[in-house]
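Everything below concerns the one structure shown next.
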Amino acid sequence: MTASSKKLYIKTFGCQMNVYDSGRMNDALAADGFEPTDAPENADLIILNTCHIREKAAEKVYSEIGRLKVLREKRRADGKETMIGVAGCVAQAEGEEIVRRAPAVDLVIGPQSYHRLPALLRKAQSGAVVETEFPQEDKFDHLPAATPKRLRQAGPTAFLTIQEGCDKFCTFCVVPYTRGAEVSRPVAALIAEAGDLAAAGVREVTLLGQNVNAYHGADTDGATVGLAGLIERLAAITGLDRIRYTTSHPRDMDDALIAAHRDIPALMPYLHLPVQSGSDRILKAMNRRHTRDSYLRLIEKIRAARPDIALSGDFIVGFPGETDADFADTLRIVEEAGYAQAFSFKYSPRPGTPAATMDEQVPEDVKKERLAALQAAINDGQQAFNTAMVGRDVDILIEKPGRKPGQMVGRSPYLQSVIVDLPTESRGDIVTVTITNAGPNSLTGMVGGRDRDEPAAQPLEAAF
Ligand code: SAH
Ligand code: SF4
Ligand code: F3S
């Protein structure tokens, strides 16, 4: 096998940061002669980039490894070897346990050690390696920059991790244990990486962090820059037309960031601001450090700065001790906050987190019922928000081909998917589209559809 013929297949689970990390792992291994492939049966190295946030995440990984073992045997019969790696948050949480239960695994690597991937793989040639210590050095100082080729292939939108880890310790959440303590990347490194993205044709960048609005990166002069300051600097990069960030904690939504939503046109009017529950009693037990009232007041302030902002959120139903009255408070906050989009989950006990051993765990059938009721309320809000777009002209960043020939799919400033008839060459264009139809999950639009003399539709905020 020559170095240049090695093929790599990464299967990514979980959040956007895992998507970003898989890209960086690709880059780290490209320097070692690995080329990405979409076909696991052709891969000399398969990496599962895993997520531990909910459900039986670890169990899913073990059954996935079982399937890979079969594939490895098949390839071995053809005289080809296959290495199997487990990365991501299950790797960090389970560590040694993975190679004990699944001896087929050659390498277990936690998210903070990806810069060591090539060296650890070489070590794994002579026996399984587990690397889940949090290293002293910062991986970002050692990971190679992406090649322009990979960035160009990735299309007009990209993720950029600016902050990693979490110090908040919500009692239900595994992230502070799997990603470690909060770390912000320095401003100069981020400007350089965003510049590379823009040079490769990226027009929209989504800044990532488990607590992205707690960002406090060092500037070259040693001063500390917050998220608002960073966004201002990134907005000045030629070609970067759209900036988004996710995920935010209500406690870290400072005045400068709220003002940035008013003052920086490139900052898109969309904000993912999870509240998790509408009940103060449950918020306290979750250690969220905000109340339903402080959350609603915060939203008011944000809407005063940027009236058309589309708000999105996360909810957990069936947290230990949640009563019908607590859940009713959650349904009420959905109404009061007015979400353009929201994600809701049944509480899932995570090993090692305080809530997992709390009394009064909620029975599965109750969780299920509450989830269905919550999702119905969220869908109503989502449909109302989308319906309010019909007749409006919006700028769509065209991202990829649609399901039918001749169709393309793009995103509105409010992160809605918009389907529009356009040629494939329009990928990467920002096109003004008139919205003609709205479903709960996507919109349909036409280029130049509306007669310019017709009055524009009602303003977006009037939908609530
Ligand atoms: N960093 C993000 C959260 C990432 S996890 C933040 O602070 O908002 C994404 C979402 O998963 C959370 O907002 C929460 O709603 C959900 N979640 C996290 N842990 C969970 C658990 N144990 N059970 C169910 N949902 C959970
Ligand atoms: Fe998890 Fe809470 Fe940190 Fe978000 S803020 S990552 S929910 S501990
Ligand atoms: Fe999952 Fe880890 Fe992301 S647990 S949600 S992959 S931070």
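Labels for the structure tokens follow display order: chains A, B, ..., residues from 1 in each chain, ligands from 1.
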Shell of 7 Å around ligand 1 (only C-alpha atoms and all ligand atoms), written as a ChimeraX atom specification: /A:53-54,172-174,210-211,247-249,273-274,276,314-316,344-350
Within 12 Å of ligand 3, counting only C-alpha atoms and all ligand atoms, residues as a count of residues only: 54
Gap from atom CA of A:Ala356 to atom CA of A:Ala285 - Å, one decimal: 12.0 Å
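In terms of minimum interatomic distance to A:Asp252, A:His216 ranks closest within A:Arg297, A:His216, A:Arg72, A:His142, counting only C-alpha atoms.
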DSSP helix (DSSP H, G or I) residues within stretch 146-314 of chain A, listed as an MDAnalysis selection string: chainID A and resid 148:154 175:178 187:199 212:214 227:235 250:252 255:263 280:285 292:305
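Between ligand 2 and the candidates A:Phe140, A:Tyr62, A:Tyr270, A:Phe169, the tightest atom-to-atom separation, counting only C-alpha atoms and all ligand atoms, involves A:Phe169.
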From A:Lys368, A:Arg122, A:His290, A:Arg392, residue lying nearest ligand 2 [only C-alpha atoms and all ligand atoms]: A:His290
